[in-house]
$ cat upload-v8.txt   # compact mmCIF, C-alpha atoms
# COMPACT_ATOMS: atom_id res chain seq x y z
CA MET A 1 23.59 -99.62 -33.48
CA LYS A 2 24.29 -100.99 -36.93
CA ASN A 3 25.00 -104.66 -37.50
CA PHE A 4 28.48 -104.10 -38.83
CA THR A 5 31.36 -106.52 -38.64
CA ARG A 6 34.39 -104.25 -38.45
CA TRP A 7 34.60 -100.46 -38.50
CA SER A 8 37.05 -98.45 -40.59
CA THR A 9 37.62 -94.77 -41.31
CA LYS A 10 35.58 -95.21 -44.51
CA GLU A 11 32.51 -95.05 -42.26
CA ILE A 12 33.18 -91.41 -41.35
CA ASP A 13 31.05 -88.75 -43.03
CA PRO A 14 33.19 -86.83 -45.57
CA ARG A 15 32.06 -83.58 -43.95
CA SER A 16 33.84 -84.60 -40.75
CA HIS A 17 37.03 -85.30 -42.69
CA ALA A 18 36.63 -81.88 -44.31
CA ALA A 19 36.27 -80.18 -40.91
CA PHE A 20 39.51 -81.78 -39.72
CA ALA A 21 41.31 -80.93 -42.97
CA SER A 22 40.24 -77.27 -42.77
CA ALA A 23 41.61 -76.96 -39.23
CA ILE A 24 44.90 -78.58 -40.20
CA GLU A 25 45.20 -76.45 -43.34
CA LEU A 26 44.95 -73.28 -41.26
CA ILE A 27 48.09 -74.19 -39.31
CA GLY A 28 49.80 -76.05 -42.18
CA PRO A 29 53.06 -74.05 -42.22
CA ASP A 30 53.38 -74.26 -38.43
CA LEU A 31 52.72 -78.00 -38.42
CA TYR A 32 55.38 -78.36 -41.11
CA SER A 33 57.81 -76.60 -38.74
CA VAL A 34 56.76 -79.02 -35.99
CA GLU A 35 57.50 -82.00 -38.26
CA GLU A 36 60.90 -80.56 -39.17
CA ARG A 37 61.82 -80.02 -35.52
CA ILE A 38 60.63 -83.48 -34.53
CA SER A 39 62.80 -84.98 -37.29
CA GLU A 40 65.79 -82.98 -36.06
CA GLN A 41 65.57 -84.45 -32.56
CA SER A 42 67.23 -87.74 -33.51
CA LYS A 43 70.45 -85.75 -34.05
CA ALA A 44 70.30 -84.47 -30.48
CA VAL A 45 70.80 -87.87 -28.83
CA ASP A 46 73.81 -90.17 -28.61
CA PRO A 47 74.74 -91.70 -32.01
CA GLY A 48 74.26 -95.16 -30.56
CA VAL A 49 70.61 -94.37 -29.87
CA GLU A 50 69.94 -92.24 -32.96
CA HIS A 51 68.64 -95.05 -35.20
CA TYR A 52 66.07 -96.25 -32.66
CA PHE A 53 65.05 -92.70 -31.78
CA GLU A 54 64.62 -91.86 -35.46
CA TYR A 55 62.41 -94.90 -35.98
CA ALA A 56 60.26 -94.07 -32.95
CA ILE A 57 59.54 -90.52 -34.11
CA GLY A 58 59.17 -91.46 -37.77
CA GLY A 59 55.56 -92.68 -37.70
CA SER A 60 52.96 -90.42 -39.27
CA GLY A 61 50.20 -89.91 -36.71
CA LYS A 62 47.45 -87.30 -36.77
CA ARG A 63 49.52 -84.95 -34.57
CA LEU A 64 46.36 -83.98 -32.69
CA ARG A 65 48.18 -82.70 -29.61
CA PRO A 66 50.56 -80.44 -31.61
CA ALA A 67 47.60 -79.19 -33.66
CA LEU A 68 45.66 -78.28 -30.52
CA ALA A 69 48.69 -76.50 -29.02
CA LEU A 70 49.04 -74.40 -32.19
CA LEU A 71 45.32 -73.69 -32.55
CA SER A 72 45.07 -72.67 -28.89
CA GLY A 73 47.99 -70.32 -29.40
CA GLY A 74 46.45 -68.87 -32.56
CA SER A 75 43.03 -68.50 -30.96
CA THR A 76 44.51 -66.29 -28.22
CA GLY A 77 47.20 -64.42 -30.11
CA ARG A 78 49.86 -65.07 -32.73
CA ILE A 79 51.59 -68.43 -33.21
CA VAL A 80 55.29 -68.02 -32.42
CA SER A 81 58.34 -70.27 -32.12
CA ASP A 82 57.49 -71.15 -28.50
CA HIS A 83 54.22 -72.67 -29.68
CA VAL A 84 56.08 -74.84 -32.17
CA ASP A 85 58.47 -75.96 -29.41
CA LEU A 86 55.50 -76.79 -27.17
CA ALA A 87 53.91 -78.81 -29.97
CA VAL A 88 57.14 -80.79 -30.48
CA ILE A 89 57.47 -81.53 -26.76
CA VAL A 90 53.90 -82.77 -26.24
CA GLU A 91 54.20 -85.01 -29.30
CA LEU A 92 57.48 -86.50 -28.05
CA ILE A 93 55.86 -87.28 -24.71
CA HIS A 94 52.94 -88.86 -26.54
CA ILE A 95 55.27 -90.97 -28.70
CA ALA A 96 57.18 -92.10 -25.60
CA SER A 97 53.92 -93.23 -24.00
CA LEU A 98 52.99 -95.18 -27.15
CA VAL A 99 56.38 -96.91 -27.15
CA HIS A 100 55.77 -98.11 -23.59
CA ASP A 101 52.10 -98.95 -24.33
CA ASP A 102 53.11 -101.23 -27.19
CA ILE A 103 55.45 -103.16 -24.92
CA MET A 104 52.80 -103.65 -22.22
CA ASP A 105 50.11 -104.59 -24.73
CA GLY A 106 52.33 -106.84 -26.83
CA ALA A 107 51.36 -104.86 -29.94
CA ASP A 108 53.35 -105.60 -33.08
CA ARG A 109 51.99 -102.90 -35.41
CA ARG A 110 51.55 -99.16 -35.02
CA ARG A 111 50.95 -96.62 -37.79
CA ASP A 112 51.15 -99.28 -40.51
CA ARG A 113 54.59 -100.58 -39.56
CA PRO A 114 56.22 -102.84 -36.96
CA THR A 115 56.45 -101.46 -33.43
CA LEU A 116 59.87 -100.95 -31.85
CA ASN A 117 59.33 -103.93 -29.55
CA ALA A 118 58.46 -106.12 -32.54
CA LYS A 119 61.74 -105.13 -34.21
CA TRP A 120 64.15 -104.92 -31.29
CA GLY A 121 62.52 -106.55 -28.26
CA ASN A 122 61.14 -105.17 -25.01
CA SER A 123 64.38 -104.53 -23.13
CA LEU A 124 65.81 -102.11 -25.65
CA THR A 125 62.45 -100.56 -26.49
CA VAL A 126 61.58 -99.57 -22.92
CA LEU A 127 64.88 -97.68 -22.76
CA VAL A 128 64.12 -95.88 -26.03
CA GLY A 129 60.84 -94.77 -24.49
CA ASP A 130 62.74 -93.52 -21.45
CA VAL A 131 65.08 -91.51 -23.66
CA LEU A 132 62.11 -89.96 -25.46
CA PHE A 133 60.55 -88.87 -22.16
CA ALA A 134 63.84 -87.50 -20.87
CA HIS A 135 64.59 -85.65 -24.09
CA ALA A 136 61.14 -84.03 -24.15
CA LEU A 137 61.59 -82.81 -20.57
CA ARG A 138 65.07 -81.53 -21.41
CA LEU A 139 63.61 -79.51 -24.29
CA SER A 140 60.98 -78.06 -21.94
CA THR A 141 63.65 -76.43 -19.77
CA LYS A 142 64.47 -74.03 -22.62
CA PHE A 143 61.32 -71.95 -22.03
CA SER A 144 62.13 -68.68 -20.28
CA ASN A 145 59.25 -69.14 -17.84
CA SER A 146 59.86 -72.14 -15.58
CA ASP A 147 56.10 -72.50 -15.04
CA VAL A 148 55.86 -73.88 -18.58
CA SER A 149 58.41 -76.65 -18.02
CA ARG A 150 56.83 -77.41 -14.64
CA ARG A 151 53.38 -77.89 -16.19
CA ILE A 152 54.84 -80.10 -18.92
CA ALA A 153 56.59 -82.22 -16.29
CA ASP A 154 53.35 -82.47 -14.31
CA ALA A 155 51.50 -83.67 -17.42
CA ALA A 156 54.21 -86.23 -18.24
CA ALA A 157 54.01 -87.55 -14.67
CA ASP A 158 50.22 -87.81 -14.98
CA VAL A 159 50.56 -89.81 -18.21
CA CYS A 160 52.88 -92.30 -16.52
CA THR A 161 50.82 -92.45 -13.32
CA GLY A 162 47.64 -93.10 -15.30
CA GLU A 163 49.32 -96.02 -17.03
CA ILE A 164 50.52 -97.43 -13.70
CA LEU A 165 47.02 -97.18 -12.22
CA GLN A 166 45.51 -98.85 -15.26
CA THR A 167 48.07 -101.66 -15.06
CA GLN A 168 47.24 -102.15 -11.37
CA ARG A 169 43.55 -102.53 -12.22
CA ARG A 170 43.93 -105.06 -15.03
CA PHE A 171 41.35 -107.86 -14.89
CA ASP A 172 39.44 -105.90 -12.23
CA LEU A 173 35.81 -106.79 -12.92
CA ASN A 174 34.64 -104.34 -10.25
CA LEU A 175 36.43 -101.28 -11.60
CA PRO A 176 34.14 -98.26 -10.94
CA LEU A 177 33.42 -95.91 -13.83
CA SER A 178 34.75 -93.04 -11.73
CA GLU A 179 38.13 -94.77 -11.47
CA TYR A 180 38.15 -95.55 -15.19
CA TYR A 181 37.58 -91.87 -15.98
CA ARG A 182 40.26 -90.80 -13.49
CA MET A 183 42.83 -93.06 -15.15
CA VAL A 184 41.81 -91.89 -18.63
CA GLN A 185 42.02 -88.26 -17.56
CA MET A 186 45.59 -88.82 -16.41
CA LYS A 187 46.90 -91.05 -19.21
CA THR A 188 45.27 -89.12 -22.09
CA GLY A 189 43.39 -86.03 -20.95
CA ALA A 190 46.39 -84.49 -19.17
CA LEU A 191 48.51 -84.15 -22.30
CA PHE A 192 45.66 -82.73 -24.40
CA ALA A 193 44.90 -80.32 -21.55
CA VAL A 194 48.46 -79.06 -21.18
CA ALA A 195 48.81 -78.57 -24.95
CA CYS A 196 45.78 -76.27 -24.99
CA GLU A 197 46.50 -74.62 -21.64
CA LEU A 198 50.09 -73.71 -22.47
CA GLY A 199 49.22 -72.75 -26.02
CA ALA A 200 47.04 -70.03 -24.51
CA PHE A 201 49.50 -69.24 -21.71
CA LEU A 202 52.33 -68.60 -24.19
CA SER A 203 50.07 -66.13 -25.99
CA GLY A 204 49.49 -64.20 -22.76
CA ALA A 205 45.79 -65.06 -22.51
CA SER A 206 43.75 -64.26 -19.41
CA PRO A 207 43.41 -66.86 -16.63
CA THR A 208 39.76 -67.38 -17.60
CA VAL A 209 40.64 -68.20 -21.20
CA ILE A 210 43.60 -70.38 -20.20
CA SER A 211 41.34 -72.35 -17.85
CA ALA A 212 38.65 -72.72 -20.53
CA LEU A 213 41.12 -74.07 -23.08
CA LYS A 214 42.64 -76.40 -20.51
CA ASN A 215 39.15 -77.78 -19.82
CA TYR A 216 38.50 -78.01 -23.56
CA GLY A 217 41.67 -80.05 -24.06
CA ASN A 218 40.99 -82.27 -21.08
CA LYS A 219 37.49 -83.19 -22.26
CA ILE A 220 38.63 -83.69 -25.86
CA GLY A 221 41.39 -85.97 -24.60
CA ILE A 222 39.07 -88.13 -22.49
CA ALA A 223 36.55 -88.34 -25.35
CA TYR A 224 39.32 -89.32 -27.75
CA GLN A 225 40.45 -92.11 -25.41
CA VAL A 226 36.89 -93.45 -25.11
CA LEU A 227 36.68 -93.39 -28.92
CA ASP A 228 39.99 -95.25 -29.13
CA ASP A 229 38.68 -97.81 -26.63
CA CYS A 230 35.63 -98.39 -28.84
CA ILE A 231 37.74 -98.73 -31.98
CA ASP A 232 39.95 -101.27 -30.21
CA LEU A 233 36.86 -103.45 -29.96
CA VAL A 234 35.22 -102.86 -33.33
CA GLY A 235 37.90 -101.58 -35.69
CA ASP A 236 39.27 -103.25 -38.80
CA GLU A 237 42.93 -103.83 -37.96
CA GLY A 238 44.02 -103.83 -41.58
CA MET A 239 42.35 -100.48 -42.22
CA ILE A 240 43.32 -98.82 -38.93
CA GLY A 241 47.01 -99.71 -39.27
CA LYS A 242 47.74 -100.87 -35.73
CA THR A 243 47.27 -103.92 -33.54
CA LEU A 244 43.73 -103.97 -32.12
CA GLY A 245 42.04 -106.06 -29.44
CA THR A 246 44.95 -105.63 -27.04
CA ASP A 247 42.91 -103.94 -24.30
CA ILE A 248 40.78 -106.97 -23.49
CA ALA A 249 43.62 -109.43 -24.11
CA CYS A 250 45.69 -107.55 -21.50
CA GLY A 251 42.83 -107.20 -19.04
CA LYS A 252 42.15 -103.50 -19.63
CA PHE A 253 38.41 -103.23 -19.11
CA THR A 254 37.50 -100.06 -20.99
CA LEU A 255 34.25 -98.11 -21.00
CA PRO A 256 32.20 -100.34 -23.37
CA VAL A 257 33.10 -103.43 -21.34
CA LEU A 258 32.50 -101.74 -17.99
CA LEU A 259 29.09 -100.56 -19.21
CA LEU A 260 28.34 -104.08 -20.44
CA LEU A 261 29.14 -105.47 -16.99
CA GLN A 262 27.22 -102.72 -15.22
CA ASN A 263 24.06 -103.19 -17.27
CA SER A 264 23.93 -107.00 -17.19
CA SER A 265 21.77 -109.15 -14.95
CA PRO A 266 23.53 -111.13 -12.18
CA LYS A 267 23.37 -114.28 -14.31
CA GLU A 268 24.70 -112.49 -17.38
CA ARG A 269 27.43 -110.89 -15.28
CA ASP A 270 28.59 -114.27 -13.98
CA GLU A 271 28.77 -115.56 -17.55
CA LEU A 272 30.74 -112.48 -18.61
CA HIS A 273 33.15 -112.87 -15.70
CA ALA A 274 33.90 -116.42 -16.81
CA LEU A 275 34.45 -115.34 -20.43
CA LEU A 276 36.62 -112.32 -19.57
CA LEU A 277 38.80 -114.21 -17.10
CA ALA A 278 39.13 -117.41 -19.14
CA GLU A 279 42.72 -118.40 -19.88
CA GLU A 280 42.11 -118.26 -23.62
CA GLY A 281 40.22 -114.97 -23.28
CA ILE A 282 36.91 -114.00 -24.83
CA ALA A 283 36.64 -114.30 -28.62
CA PRO A 284 36.76 -110.78 -30.16
CA GLU A 285 33.68 -111.43 -32.32
CA LYS A 286 31.73 -112.65 -29.28
CA LEU A 287 32.62 -109.51 -27.34
CA LEU A 288 31.70 -107.34 -30.33
CA GLU A 289 28.31 -109.04 -30.49
CA LEU A 290 27.71 -108.53 -26.76
CA VAL A 291 28.68 -104.84 -26.53
CA THR A 292 26.61 -104.13 -29.64
CA SER A 293 23.47 -106.15 -28.88
CA ARG A 294 23.28 -105.12 -25.22
CA GLY A 295 23.76 -101.42 -25.92
CA ALA A 296 27.14 -100.96 -24.20
CA LEU A 297 28.92 -99.69 -27.30
CA PRO A 298 26.25 -97.07 -28.15
CA ALA A 299 26.29 -95.96 -24.50
CA ALA A 300 30.07 -95.50 -24.57
CA VAL A 301 29.82 -93.57 -27.84
CA GLN A 302 27.13 -91.35 -26.30
CA ALA A 303 29.32 -90.69 -23.24
CA ALA A 304 32.18 -89.61 -25.49
CA ARG A 305 29.84 -87.43 -27.54
CA ALA A 306 28.65 -85.68 -24.37
CA LEU A 307 32.29 -84.92 -23.48
CA VAL A 308 32.86 -83.44 -26.95
CA ASP A 309 29.79 -81.23 -26.48
CA GLU A 310 31.11 -80.09 -23.09
CA ALA A 311 34.49 -79.33 -24.64
CA GLU A 312 32.88 -77.24 -27.37
CA ALA A 313 30.92 -75.28 -24.75
CA GLU A 314 34.23 -74.11 -23.23
CA LEU A 315 35.01 -72.21 -26.44
CA VAL A 316 32.40 -69.59 -25.54
CA HIS A 317 35.12 -68.03 -23.35
CA VAL A 318 37.50 -67.66 -26.31
CA GLN A 319 37.21 -64.63 -28.58
CA GLN A 320 36.20 -65.83 -32.03
CA ASN A 321 38.78 -65.86 -34.81
CA ARG A 322 39.82 -68.39 -37.44
CA HIS A 323 41.85 -70.47 -35.00
CA ALA A 324 39.07 -70.57 -32.41
CA ALA A 325 36.68 -71.65 -35.17
CA ALA A 326 39.16 -74.40 -36.07
CA LEU A 327 39.04 -75.66 -32.48
CA GLY A 328 35.30 -75.96 -33.07
CA SER A 329 36.05 -77.88 -36.27
CA MET A 330 38.06 -80.36 -34.21
CA THR A 331 35.02 -81.09 -32.06
CA GLU A 332 32.94 -81.42 -35.25
CA TYR A 333 35.42 -83.98 -36.55
CA LEU A 334 35.38 -86.05 -33.36
CA ARG A 335 31.59 -85.91 -33.25
CA GLY A 336 31.52 -87.19 -36.82
CA VAL A 337 33.85 -90.10 -36.01
CA LEU A 338 31.69 -91.04 -33.02
CA ASP A 339 28.52 -90.80 -35.10
CA SER A 340 30.02 -93.23 -37.60
CA LEU A 341 30.13 -95.86 -34.86
CA SER A 342 26.41 -95.53 -34.14

$ encode --input "upload-v8.txt" --output "structure tokens"
Amino acid sequence: MKNFTRWSTKEIDPRSHAAFASAIELIGPDLYSVEERISEQSKAVDPGVEHYFEYAIGGSGKRLRPALALLSGGSTGRIVSDHVDLAVIVELIHIASLVHDDIMDGADRRRDRPTLNAKWGNSLTVLVGDVLFAHALRLSTKFSNSDVSRRIADAAADVCTGEILQTQRRFDLNLPLSEYYRMVQMKTGALFAVACELGAFLSGASPTVISALKNYGNKIGIAYQVLDDCIDLVGDEGMIGKTLGTDIACGKFTLPVLLLLQNSSPKERDELHALLLAEEGIAPEKLLELVTSRGALPAAVQAARALVDEAEAELVHVQQNRHAAALGSMTEYLRGVLDSLS
């Protein structure tokens, strides 16, 4: 592990950026349609809510979940309007979860601008998040097959349940890795999984292919959350564009910290317990030093990399075309980001 101070996206190999850009370029027109439809959604709510709704959906994220929904659709058939609708819905659910996350974490920046709670306070912001969830589920009822809206609702419920479970286990120094992964699968993996699963389902793919893409999305989602957990510890806040260090401050013991605790001697563990539970909290630079020097950060990166490899292996069940190759480019991109941390 390198002796770096703070990580930024400048560390990523340009070839990884190129892999991501090539995948996005392939679905460029469809992603543009997704952006247009997302922008239109603020007009579909009450005028009194429109301004807040518009602000919530106005941030420019990577749109990973919409991209995976479109690529899964293209890898198993032709991308149609239903795929665009699916992409819009999963992104709205994701945005709603971020709105609520920022309240719970006390974050004041997201995507290089103030969070809703920083601008308007927690009481109003939690209701905006509720409206986003409700609106996404309302949109999902427009699919002709009710199985689609049911799966979307299941995924949204998993996202919320995962957050509840994680909140229950804050400051839990004895959190098992199995429970950490279960919570991550629900709060992040579920939405990635349903984007890929339904992308294939809407194209009329076989059950085997649908299952493979669901597994692909699930593993990509969990790996992405582990990566995000690592960046929360080591990232350069100014370069990343959002509030970092909130996980530990709020008592969310993520994979690097759990591995640090697991691999420490009894004496070291007692010292860590005192630091992590101290009223003033552990100093970010001290924690960075510990997870780096004791190998916890590299171990977390390796765990995420293994998940990316497992996700890529699922693509063997998908007939090769340009969109399937682009799903492989997504794993190449994530692998490159993870490698830049090691």

$ closest_residue --input "upload-v8.txt" --among "A:Thr141, A:Gly336, A:Gly328, A:Pro14" --to "A:Val316" --atoms "only C-alpha atoms"
A:Gly328

$ atom_distance --input "upload-v8.txt" --atom1 "atom CA of A:His135" --atom2 "atom CA of A:Gln168"
27.1 Å

$ atom_distance --input "upload-v8.txt" --atom1 "atom CA of A:Ser75" --atom2 "atom CA of A:Ala324"
4.7 Å

$ residues_around --input "upload-v8.txt" --residues "A:Leu288" --least-positions-apart "5" --cutoff "9 Å" --atoms "only C-alpha atoms" --output "PDB file with C-alpha atoms, keeping the file's coordinate frame"
ATOM      1  CA  THR A   5      31.360-106.520 -38.640  1.00  0.00           C
ATOM      2  CA  LEU A 233      36.860-103.450 -29.960  1.00  0.00           C
ATOM      3  CA  VAL A 234      35.220-102.860 -33.330  1.00  0.00           C
ATOM      4  CA  ALA A 283      36.640-114.300 -28.620  1.00  0.00           C
ATOM      5  CA  SER A 293      23.470-106.150 -28.880  1.00  0.00           C
ATOM      6  CA  LEU A 297      28.920 -99.690 -27.300  1.00  0.00           C
TER       7      LEU A 297
END

$ residues_near_point --input "upload-v8.txt" --point "(42.9, -95.5, -14.6)" --cutoff "12 Å" --atoms "only C-alpha atoms" --output "PyMOL selection string"
chain A and resi 158-170+172+175-189+222+225+252-255

$ closest_residue --input "upload-v8.txt" --among "A:Leu98, A:Asp229, A:Thr76, A:Val49" --to "A:Gly61" --atoms "only C-alpha atoms"
A:Leu98

$ residues_around --input "upload-v8.txt" --residues "A:Ile89" --least-positions-apart "6" --cutoff "8 Å" --atoms "all atoms listed in the file" --output "PyMOL selection string"
chain A and resi 136-137+139-140

$ atom_distance --input "upload-v8.txt" --atom1 "atom CA of A:Leu334" --atom2 "atom CA of A:Asp13"
10.9 Å

$ residues_around --input "upload-v8.txt" --residues "A:Asp102" --least-positions-apart "3" --cutoff "12 Å" --atoms "all atoms listed in the file" --output "tab-separated table (two decimals) with C-alpha atoms, in the frame of the given file"
chain	number	residue	atom	x	y	z
A	56	ALA	CA	60.26	-94.07	-32.95
A	95	ILE	CA	55.27	-90.97	-28.70
A	96	ALA	CA	57.18	-92.10	-25.60
A	97	SER	CA	53.92	-93.23	-24.00
A	98	LEU	CA	52.99	-95.18	-27.15
A	99	VAL	CA	56.38	-96.91	-27.15
A	105	ASP	CA	50.11	-104.59	-24.73
A	106	GLY	CA	52.33	-106.84	-26.83
A	107	ALA	CA	51.36	-104.86	-29.94
A	108	ASP	CA	53.35	-105.60	-33.08
A	109	ARG	CA	51.99	-102.90	-35.41
A	110	ARG	CA	51.55	-99.16	-35.02
A	111	ARG	CA	50.95	-96.62	-37.79
A	114	PRO	CA	56.22	-102.84	-36.96
A	115	THR	CA	56.45	-101.46	-33.43
A	116	LEU	CA	59.87	-100.95	-31.85
A	117	ASN	CA	59.33	-103.93	-29.55
A	118	ALA	CA	58.46	-106.12	-32.54
A	119	LYS	CA	61.74	-105.13	-34.21
A	121	GLY	CA	62.52	-106.55	-28.26
A	122	ASN	CA	61.14	-105.17	-25.01
A	125	THR	CA	62.45	-100.56	-26.49
A	126	VAL	CA	61.58	-99.57	-22.92
A	129	GLY	CA	60.84	-94.77	-24.49
A	242	LYS	CA	47.74	-100.87	-35.73
A	243	THR	CA	47.27	-103.92	-33.54
A	244	LEU	CA	43.73	-103.97	-32.12
A	246	THR	CA	44.95	-105.63	-27.04
A	247	ASP	CA	42.91	-103.94	-24.30
A	250	CYS	CA	45.69	-107.55	-21.50

$ closest_residue --input "upload-v8.txt" --among "A:Pro47, A:Gly281, A:Pro66, A:Pro266" --to "A:Val88" --atoms "all atoms listed in the file"
A:Pro66

$ closest_residue --input "upload-v8.txt" --among "A:Ser39, A:Ser16, A:Asn174, A:Ser123" --to "A:Leu258" --atoms "only C-alpha atoms"
A:Asn174
